[in-house]
$ cat protein_26.tsv   # TSV, C-alpha atoms
chain	number	residue	atom	x	y	z
L	263	MET	CA	0.00	0.00	0.00
L	264	ASP	CA	1.60	3.27	-1.07
L	265	GLN	CA	1.74	6.39	1.11
L	266	LEU	CA	-1.15	8.16	-0.65
L	267	VAL	CA	-3.46	5.20	-0.10
L	268	ARG	CA	-2.41	4.88	3.55
L	269	THR	CA	-3.01	8.57	4.18
L	270	SER	CA	-6.43	8.50	2.54
L	271	VAL	CA	-7.54	5.36	4.37
L	272	ALA	CA	-6.40	6.79	7.71
L	273	ASN	CA	-8.96	9.59	7.26
L	274	LEU	CA	-11.74	7.02	7.52
L	275	HIS	CA	-10.85	6.18	11.15
L	276	SER	CA	-13.25	3.53	12.57
L	277	LEU	CA	-14.92	2.88	9.21
L	278	VAL	CA	-11.94	0.81	8.07
L	279	ARG	CA	-12.05	-1.25	11.26
L	280	VAL	CA	-15.68	-2.36	11.39
L	281	GLY	CA	-18.56	-2.80	8.96
L	282	TRP	CA	-18.91	-2.98	5.20
L	283	LEU	CA	-16.07	-0.66	4.18
L	284	ALA	CA	-13.60	-2.46	6.45
L	285	GLU	CA	-14.03	-5.54	4.26
L	286	GLN	CA	-13.36	-3.82	0.92
L	287	PRO	CA	-9.99	-3.47	-0.88
L	288	ALA	CA	-7.65	-0.74	0.36
L	289	GLU	CA	-7.69	1.02	-3.02
L	290	PHE	CA	-11.47	1.26	-2.90
L	291	GLN	CA	-11.32	2.54	0.68
L	292	ALA	CA	-8.86	5.22	-0.40
L	293	ARG	CA	-11.10	6.33	-3.27
L	294	MET	CA	-14.07	6.64	-0.92
L	295	ALA	CA	-11.95	8.58	1.58
L	296	ARG	CA	-11.07	11.12	-1.09
L	297	LEU	CA	-14.69	11.44	-2.23
L	298	GLY	CA	-16.32	12.09	1.12
L	299	ARG	CA	-16.12	14.21	4.24
L	300	TRP	CA	-16.97	13.90	7.92
L	301	VAL	CA	-20.10	15.64	9.21
L	302	SER	CA	-21.12	16.06	12.86
L	303	VAL	CA	-24.85	15.79	13.61
L	304	ARG	CA	-26.72	16.35	16.86
L	305	ARG	CA	-29.10	13.87	18.39
L	306	GLY	CA	-32.54	14.06	16.72
L	307	THR	CA	-31.18	15.43	13.44
L	308	LEU	CA	-32.95	14.13	10.35
L	309	ILE	CA	-30.30	12.78	7.98
L	310	TYR	CA	-32.88	12.26	5.22
L	311	ALA	CA	-36.62	11.61	4.93
L	312	VAL	CA	-38.96	9.51	2.81
L	313	GLY	CA	-39.36	11.16	-0.57
L	314	ASP	CA	-36.08	13.10	-0.46
L	315	GLU	CA	-33.73	13.07	-3.42
L	316	ALA	CA	-30.92	10.56	-2.85
L	317	ASP	CA	-27.94	12.92	-2.68
L	318	ALA	CA	-25.43	10.89	-0.63
L	319	ILE	CA	-24.42	7.65	1.05
L	320	PHE	CA	-23.66	7.84	4.78
L	321	GLY	CA	-21.26	5.83	6.93
L	322	LEU	CA	-21.57	5.99	10.72
L	323	GLY	CA	-18.25	6.58	12.47
L	324	GLU	CA	-19.52	7.53	15.94
L	325	GLY	CA	-22.95	7.54	17.58
L	326	MET	CA	-26.16	5.82	16.46
L	327	LEU	CA	-28.59	6.10	13.54
L	328	ASP	CA	-32.26	5.08	13.60
L	329	VAL	CA	-33.83	3.71	10.41
L	330	ALA	CA	-37.55	4.46	10.19
L	331	PHE	CA	-40.09	2.88	7.81
L	332	PRO	CA	-43.44	4.56	7.08
L	333	VAL	CA	-46.53	2.45	7.82
L	334	SER	CA	-49.08	5.22	7.18
L	335	GLU	CA	-49.15	8.94	6.42
L	336	ASP	CA	-48.63	9.85	10.07
L	337	GLN	CA	-46.91	6.81	11.56
L	338	GLU	CA	-43.53	5.13	11.19
L	339	VAL	CA	-41.70	2.29	12.89
L	340	VAL	CA	-38.00	2.08	13.75
L	341	PRO	CA	-36.96	-1.56	13.25
L	342	HIS	CA	-33.21	-0.94	13.24
L	343	ARG	CA	-30.65	1.17	15.08
L	344	GLY	CA	-27.30	1.37	13.29
L	345	MET	CA	-24.07	1.32	15.26
L	346	PRO	CA	-20.57	2.46	14.11
L	347	GLY	CA	-19.64	0.77	10.85
L	348	PHE	CA	-23.24	0.96	9.57
L	349	TRP	CA	-23.79	2.42	6.08
L	350	VAL	CA	-27.07	3.60	4.63
L	351	GLY	CA	-28.39	5.50	1.61
L	352	ASP	CA	-26.84	3.36	-1.10
L	353	SER	CA	-29.99	1.72	-2.47
L	354	ALA	CA	-31.89	4.81	-3.63
L	355	LEU	CA	-28.73	6.62	-4.76
L	356	LEU	CA	-27.48	3.80	-6.96
L	357	ALA	CA	-30.96	3.04	-8.28
L	358	GLY	CA	-31.61	6.67	-9.15
L	359	SER	CA	-34.78	6.81	-7.05
L	360	ARG	CA	-36.06	8.82	-4.09
L	361	ARG	CA	-35.74	7.78	-0.47
L	362	THR	CA	-38.16	5.15	0.82
L	363	ILE	CA	-37.02	5.31	4.46
L	364	SER	CA	-36.05	8.03	6.93
L	365	VAL	CA	-32.82	8.12	8.94
L	366	TYR	CA	-32.29	10.05	12.18
L	367	ALA	CA	-29.34	10.56	14.50
L	368	ALA	CA	-30.27	8.71	17.71
L	369	ALA	CA	-27.31	10.32	19.51
L	370	ASP	CA	-24.72	12.97	18.78
L	371	SER	CA	-22.94	11.35	15.85
L	372	ARG	CA	-20.26	11.68	13.18
L	373	VAL	CA	-21.13	10.43	9.72
L	374	PHE	CA	-18.97	10.15	6.62
L	375	LYS	CA	-20.88	11.58	3.67
L	376	LEU	CA	-20.26	10.36	0.12
L	377	PRO	CA	-22.00	12.81	-2.28
L	378	ALA	CA	-23.98	11.29	-5.14
L	379	LYS	CA	-22.18	13.17	-7.92
L	380	ALA	CA	-18.80	12.10	-6.61
L	381	VAL	CA	-19.89	8.47	-6.30
L	382	HIS	CA	-21.27	8.35	-9.84
L	383	ARG	CA	-18.19	10.07	-11.24
L	384	SER	CA	-15.93	7.57	-9.49
L	385	LEU	CA	-17.97	4.61	-10.74
L	386	ARG	CA	-17.61	5.81	-14.33
L	387	GLU	CA	-13.84	5.87	-13.86
L	388	PHE	CA	-13.62	2.66	-11.82
L	389	PRO	CA	-16.56	0.44	-12.88
L	390	GLU	CA	-15.07	-2.48	-10.94
L	391	ASP	CA	-16.18	-0.65	-7.78
L	392	TRP	CA	-19.77	-1.63	-8.49
L	393	MET	CA	-19.00	-4.99	-6.88
L	394	CYS	CA	-18.13	-3.27	-3.59
L	395	PHE	CA	-21.44	-1.42	-3.61
L	396	TYR	CA	-23.30	-4.62	-4.45
L	397	ARG	CA	-21.81	-6.08	-1.28
L	398	LEU	CA	-23.24	-3.17	0.71
L	399	SER	CA	-26.64	-3.63	-0.92
L	400	HIS	CA	-26.52	-7.35	-0.08
L	401	LEU	CA	-25.69	-6.62	3.58
L	402	ASN	CA	-28.55	-4.16	3.98
L	403	THR	CA	-31.04	-6.35	2.12
L	404	THR	CA	-30.10	-9.31	4.30
L	405	LEU	CA	-30.55	-7.17	7.42
L	406	SER	CA	-34.03	-6.09	6.26
L	407	LEU	CA	-35.11	-9.65	5.44
L	408	ARG	CA	-33.79	-10.99	8.76
L	409	THR	CA	-35.69	-8.32	10.67
L	410	LEU	CA	-38.89	-9.11	8.75
L	411	ALA	CA	-38.46	-12.86	9.31
L	412	GLU	CA	-38.06	-12.34	13.05
L	413	ILE	CA	-41.20	-10.19	13.25
L	414	ILE	CA	-43.23	-12.76	11.31
L	415	SER	CA	-42.01	-15.98	12.87
L	416	LEU	CA	-40.56	-15.49	16.37
L	417	PRO	CA	-42.40	-15.23	19.69
L	418	PRO	CA	-42.39	-11.71	21.17
L	419	ARG	CA	-40.09	-12.62	24.06
L	420	VAL	CA	-37.46	-14.05	21.70
L	421	ARG	CA	-37.67	-11.01	19.41
L	422	PHE	CA	-37.24	-8.78	22.43
L	423	ALA	CA	-34.12	-10.67	23.56
L	424	ARG	CA	-32.60	-10.53	20.08
L	425	ALA	CA	-33.25	-6.81	19.81
L	426	LEU	CA	-31.50	-6.22	23.13
L	427	LEU	CA	-28.45	-8.19	21.96
L	428	ARG	CA	-28.24	-6.15	18.75
L	429	LEU	CA	-28.54	-2.88	20.62
L	430	THR	CA	-26.18	-3.58	23.51
L	431	SER	CA	-23.03	-1.46	23.51
L	432	THR	CA	-19.64	-2.82	24.56
L	433	ASP	CA	-20.21	-1.70	28.16
L	434	GLY	CA	-23.39	-3.77	28.47
L	435	ALA	CA	-25.82	-0.86	28.19
L	436	VAL	CA	-28.79	-0.35	25.88
L	437	ARG	CA	-29.21	3.40	25.62
L	438	LEU	CA	-32.88	3.53	24.79
L	439	THR	CA	-35.96	4.48	26.77
L	440	GLN	CA	-38.58	1.79	27.16
L	441	GLU	CA	-40.84	3.74	24.80
L	442	GLU	CA	-38.12	3.86	22.12
L	443	LEU	CA	-37.35	0.17	22.55
L	444	GLY	CA	-41.03	-0.75	22.29
L	445	ARG	CA	-41.30	1.05	18.95
L	446	MET	CA	-38.19	-0.64	17.63
L	447	VAL	CA	-39.22	-4.21	18.41
L	448	GLY	CA	-42.71	-3.70	16.94
L	449	MET	CA	-44.54	-5.35	19.83
L	450	SER	CA	-47.86	-4.56	21.45
L	451	ARG	CA	-47.62	-2.77	24.79
L	452	ALA	CA	-48.89	-5.83	26.64
L	453	ALA	CA	-46.39	-8.19	24.99
L	454	PHE	CA	-43.58	-5.70	25.55
L	455	ARG	CA	-44.38	-5.35	29.26
L	456	ARG	CA	-44.57	-9.12	29.75
L	457	SER	CA	-41.27	-9.76	27.97
L	458	PHE	CA	-39.49	-6.95	29.80
L	459	ALA	CA	-40.85	-7.98	33.21
L	460	ALA	CA	-39.77	-11.59	32.68
L	461	LEU	CA	-36.17	-10.60	31.93
L	462	ILE	CA	-36.05	-8.28	34.95
L	463	GLU	CA	-37.50	-10.99	37.23
L	464	GLN	CA	-34.82	-13.44	36.05
L	465	GLY	CA	-32.06	-10.92	36.77
L	466	ILE	CA	-31.04	-10.76	33.12
L	467	VAL	CA	-31.58	-7.00	32.75
L	468	ASP	CA	-32.04	-3.98	34.99
L	469	VAL	CA	-33.56	-0.58	34.31
L	470	GLU	CA	-31.19	2.34	34.81
L	471	TYR	CA	-31.31	6.05	34.11
L	472	GLY	CA	-31.61	6.62	30.37
L	473	GLY	CA	-31.65	2.96	29.38
L	474	ILE	CA	-31.23	-0.70	30.27
L	475	ARG	CA	-28.29	-2.63	31.72
L	476	ILE	CA	-27.58	-6.21	30.62
L	477	ARG	CA	-26.65	-8.18	33.76
L	478	ASP	CA	-26.40	-11.69	32.33
L	479	ARG	CA	-25.53	-11.75	28.64
L	480	SER	CA	-25.30	-15.56	28.49
L	481	ALA	CA	-28.85	-15.89	29.82
L	482	LEU	CA	-30.04	-13.27	27.33
L	483	GLU	CA	-28.40	-15.22	24.50
L	484	ARG	CA	-30.26	-18.35	25.65
L	485	GLU	CA	-33.54	-16.42	25.59
L	486	ALA	CA	-32.75	-15.21	22.07
L	487	ALA	CA	-32.17	-18.80	20.91
L	488	ARG	CA	-35.53	-20.10	22.16
L	489	THR	CA	-38.18	-21.24	19.70
L	490	ASP	CA	-41.12	-21.38	22.13
L	491	GLU	CA	-42.92	-18.92	24.36
$ encode --input "protein_26.tsv" --output "structure tokens"
Amino acid sequence: MDQLVRTSVANLHSLVRVGWLAEQPAEFQARMARLGRWVSVRRGTLIYAVGDEADAIFGLGEGMLDVAFPVSEDQEVVPHRGMPGFWVGDSALLAGSRRTISVYAAADSRVFKLPAKAVHRSLREFPEDWMCFYRLSHLNTTLSLRTLAEIISLPPRVRFARALLRLTSTDGAVRLTQEELGRMVGMSRAAFRRSFAALIEQGIVDVEYGGIRIRDRSALEREAARTDE
């Protein structure tokens, strides 16, 4: 790897250590580093909304991003919270269509923004890079299908346990209010309360200020692997 490539890749920080871009060739990483720039966003900031023009692809370096799907004109659900290494915005941009989901900053965050014009210009010069973007599309499609399959087929308590595992940070905390978590797992209030109460009673989780603390990860993993109620 020559010095120019190393310097460019270094600008990507955590994005070359975890997630989709970390698994792509160094030359591709360097091209993306030169195309984009880091942007700081405050918690609650709308990154883009349903119906917006697809003007960029976003990689999450720090913080959290919520992905929201519309279910009616005045209601949306948040089935996924992206952690560092998560990329979003590729599908509509590469398909030349408008946004079909909304993305919000769930915490103060830093995102790496790849502008649409720069991406398309680079792809004309390096058409082999399409394969790297196909890999991103495959990852995000697989994530969507897995989430849908869980909602359709798994008991509420198991879905709840799996959601907690996905959302747990390295220090064992889930930084979501109970209301936010309930929206994300797509459960009725009654089912949510039952599932939550059962995990608390077993000593698997505790409620703390601003979120939830995982006390017994092994037990939570066993709950997530269950196939019955």
$ residues_around --input "protein_26.tsv" --residues "L:Asp314" --least-positions-apart "4" --cutoff "7 Å" --atoms "only C-alpha atoms" --output "list in words"
Tyr310, Arg360 and Arg361 of chain L
$ atom_distance --input "protein_26.tsv" --atom1 "atom CA of L:Glu441" --atom2 "atom CA of L:Arg477"
20.6 Å
$ closest_residue --input "protein_26.tsv" --among "L:Leu398, L:Leu274, L:Ala453, L:Ala354" --to "L:Phe374" --atoms "all atoms listed in the file"
L:Leu274
$ residues_around --input "protein_26.tsv" --residues "stretch 283-286 of chain L" --least-positions-apart "6" --cutoff "10 Å" --atoms "all atoms listed in the file" --output "list in words"
Leu274, Ser276, Leu277, Met294, Gly321, Gly347, Phe348, Trp349, Asp391, Met393, Cys394, Phe395, Arg397 and Leu398 of chain L
$ residues_around --input "protein_26.tsv" --residues "L:Asp468" --least-positions-apart "5" --cutoff "12 Å" --atoms "all atoms listed in the file" --output "PDB file with C-alpha atoms, in the coordinates of the input"
ATOM      1  CA  GLY L 434     -23.390  -3.770  28.470  1.00  0.00           C
ATOM      2  CA  ALA L 435     -25.820  -0.860  28.190  1.00  0.00           C
ATOM      3  CA  VAL L 436     -28.790  -0.350  25.880  1.00  0.00           C
ATOM      4  CA  GLN L 440     -38.580   1.790  27.160  1.00  0.00           C
ATOM      5  CA  PHE L 458     -39.490  -6.950  29.800  1.00  0.00           C
ATOM      6  CA  ALA L 459     -40.850  -7.980  33.210  1.00  0.00           C
ATOM      7  CA  ALA L 460     -39.770 -11.590  32.680  1.00  0.00           C
ATOM      8  CA  LEU L 461     -36.170 -10.600  31.930  1.00  0.00           C
ATOM      9  CA  ILE L 462     -36.050  -8.280  34.950  1.00  0.00           C
ATOM     10  CA  GLU L 463     -37.500 -10.990  37.230  1.00  0.00           C
ATOM     11  CA  GLY L 473     -31.650   2.960  29.380  1.00  0.00           C
ATOM     12  CA  ILE L 474     -31.230  -0.700  30.270  1.00  0.00           C
ATOM     13  CA  ARG L 475     -28.290  -2.630  31.720  1.00  0.00           C
ATOM     14  CA  ILE L 476     -27.580  -6.210  30.620  1.00  0.00           C
ATOM     15  CA  ARG L 477     -26.650  -8.180  33.760  1.00  0.00           C
ATOM     16  CA  ASP L 478     -26.400 -11.690  32.330  1.00  0.00           C
ATOM     17  CA  ARG L 479     -25.530 -11.750  28.640  1.00  0.00           C
TER      18      ARG L 479
END
$ atom_distance --input "protein_26.tsv" --atom1 "atom CA of L:Gly344" --atom2 "atom CA of L:Asn402"
10.9 Å
$ closest_residue --input "protein_26.tsv" --among "L:Arg304, L:Leu416, L:Phe331, L:Arg293" --to "L:Arg383" --atoms "only C-alpha atoms"
L:Arg293
$ decode --input "protein_26.tsv" --residues "stretch 271-330 of chain L" --atoms "C-alpha atoms" --output "PDB file, in the first residue's frame"
ATOM      1  CA  VAL L 271      -7.538   5.358   4.368  1.00  0.00           C
ATOM      2  CA  ALA L 272      -6.400   6.793   7.710  1.00  0.00           C
ATOM      3  CA  ASN L 273      -8.963   9.587   7.257  1.00  0.00           C
ATOM      4  CA  LEU L 274     -11.741   7.018   7.523  1.00  0.00           C
ATOM      5  CA  HIS L 275     -10.850   6.180  11.149  1.00  0.00           C
ATOM      6  CA  SER L 276     -13.248   3.529  12.565  1.00  0.00           C
ATOM      7  CA  LEU L 277     -14.920   2.879   9.207  1.00  0.00           C
ATOM      8  CA  VAL L 278     -11.942   0.807   8.070  1.00  0.00           C
ATOM      9  CA  ARG L 279     -12.050  -1.252  11.263  1.00  0.00           C
ATOM     10  CA  VAL L 280     -15.683  -2.361  11.386  1.00  0.00           C
ATOM     11  CA  GLY L 281     -18.562  -2.801   8.964  1.00  0.00           C
ATOM     12  CA  TRP L 282     -18.906  -2.981   5.196  1.00  0.00           C
ATOM     13  CA  LEU L 283     -16.074  -0.655   4.181  1.00  0.00           C
ATOM     14  CA  ALA L 284     -13.602  -2.455   6.447  1.00  0.00           C
ATOM     15  CA  GLU L 285     -14.035  -5.545   4.260  1.00  0.00           C
ATOM     16  CA  GLN L 286     -13.363  -3.817   0.916  1.00  0.00           C
ATOM     17  CA  PRO L 287      -9.989  -3.469  -0.881  1.00  0.00           C
ATOM     18  CA  ALA L 288      -7.650  -0.739   0.364  1.00  0.00           C
ATOM     19  CA  GLU L 289      -7.686   1.015  -3.018  1.00  0.00           C
ATOM     20  CA  PHE L 290     -11.472   1.260  -2.902  1.00  0.00           C
ATOM     21  CA  GLN L 291     -11.318   2.540   0.679  1.00  0.00           C
ATOM     22  CA  ALA L 292      -8.861   5.219  -0.403  1.00  0.00           C
ATOM     23  CA  ARG L 293     -11.099   6.331  -3.268  1.00  0.00           C
ATOM     24  CA  MET L 294     -14.074   6.637  -0.919  1.00  0.00           C
ATOM     25  CA  ALA L 295     -11.952   8.578   1.577  1.00  0.00           C
ATOM     26  CA  ARG L 296     -11.074  11.121  -1.089  1.00  0.00           C
ATOM     27  CA  LEU L 297     -14.694  11.444  -2.230  1.00  0.00           C
ATOM     28  CA  GLY L 298     -16.315  12.086   1.121  1.00  0.00           C
ATOM     29  CA  ARG L 299     -16.116  14.209   4.237  1.00  0.00           C
ATOM     30  CA  TRP L 300     -16.973  13.903   7.918  1.00  0.00           C
ATOM     31  CA  VAL L 301     -20.099  15.644   9.210  1.00  0.00           C
ATOM     32  CA  SER L 302     -21.121  16.058  12.859  1.00  0.00           C
ATOM     33  CA  VAL L 303     -24.846  15.793  13.614  1.00  0.00           C
ATOM     34  CA  ARG L 304     -26.722  16.354  16.859  1.00  0.00           C
ATOM     35  CA  ARG L 305     -29.104  13.873  18.388  1.00  0.00           C
ATOM     36  CA  GLY L 306     -32.541  14.060  16.723  1.00  0.00           C
ATOM     37  CA  THR L 307     -31.176  15.435  13.441  1.00  0.00           C
ATOM     38  CA  LEU L 308     -32.951  14.135  10.348  1.00  0.00           C
ATOM     39  CA  ILE L 309     -30.300  12.779   7.977  1.00  0.00           C
ATOM     40  CA  TYR L 310     -32.875  12.264   5.223  1.00  0.00           C
ATOM     41  CA  ALA L 311     -36.619  11.611   4.928  1.00  0.00           C
ATOM     42  CA  VAL L 312     -38.957   9.508   2.809  1.00  0.00           C
ATOM     43  CA  GLY L 313     -39.362  11.164  -0.568  1.00  0.00           C
ATOM     44  CA  ASP L 314     -36.080  13.095  -0.462  1.00  0.00           C
ATOM     45  CA  GLU L 315     -33.726  13.066  -3.416  1.00  0.00           C
ATOM     46  CA  ALA L 316     -30.916  10.558  -2.850  1.00  0.00           C
ATOM     47  CA  ASP L 317     -27.943  12.922  -2.684  1.00  0.00           C
ATOM     48  CA  ALA L 318     -25.427  10.894  -0.628  1.00  0.00           C
ATOM     49  CA  ILE L 319     -24.416   7.650   1.055  1.00  0.00           C
ATOM     50  CA  PHE L 320     -23.661   7.835   4.781  1.00  0.00           C
ATOM     51  CA  GLY L 321     -21.257   5.828   6.932  1.00  0.00           C
ATOM     52  CA  LEU L 322     -21.570   5.991  10.719  1.00  0.00           C
ATOM     53  CA  GLY L 323     -18.253   6.578  12.472  1.00  0.00           C
ATOM     54  CA  GLU L 324     -19.524   7.527  15.941  1.00  0.00           C
ATOM     55  CA  GLY L 325     -22.953   7.542  17.576  1.00  0.00           C
ATOM     56  CA  MET L 326     -26.164   5.824  16.464  1.00  0.00           C
ATOM     57  CA  LEU L 327     -28.587   6.099  13.536  1.00  0.00           C
ATOM     58  CA  ASP L 328     -32.257   5.082  13.595  1.00  0.00           C
ATOM     59  CA  VAL L 329     -33.827   3.713  10.408  1.00  0.00           C
ATOM     60  CA  ALA L 330     -37.554   4.465  10.189  1.00  0.00           C
TER      61      ALA L 330
END
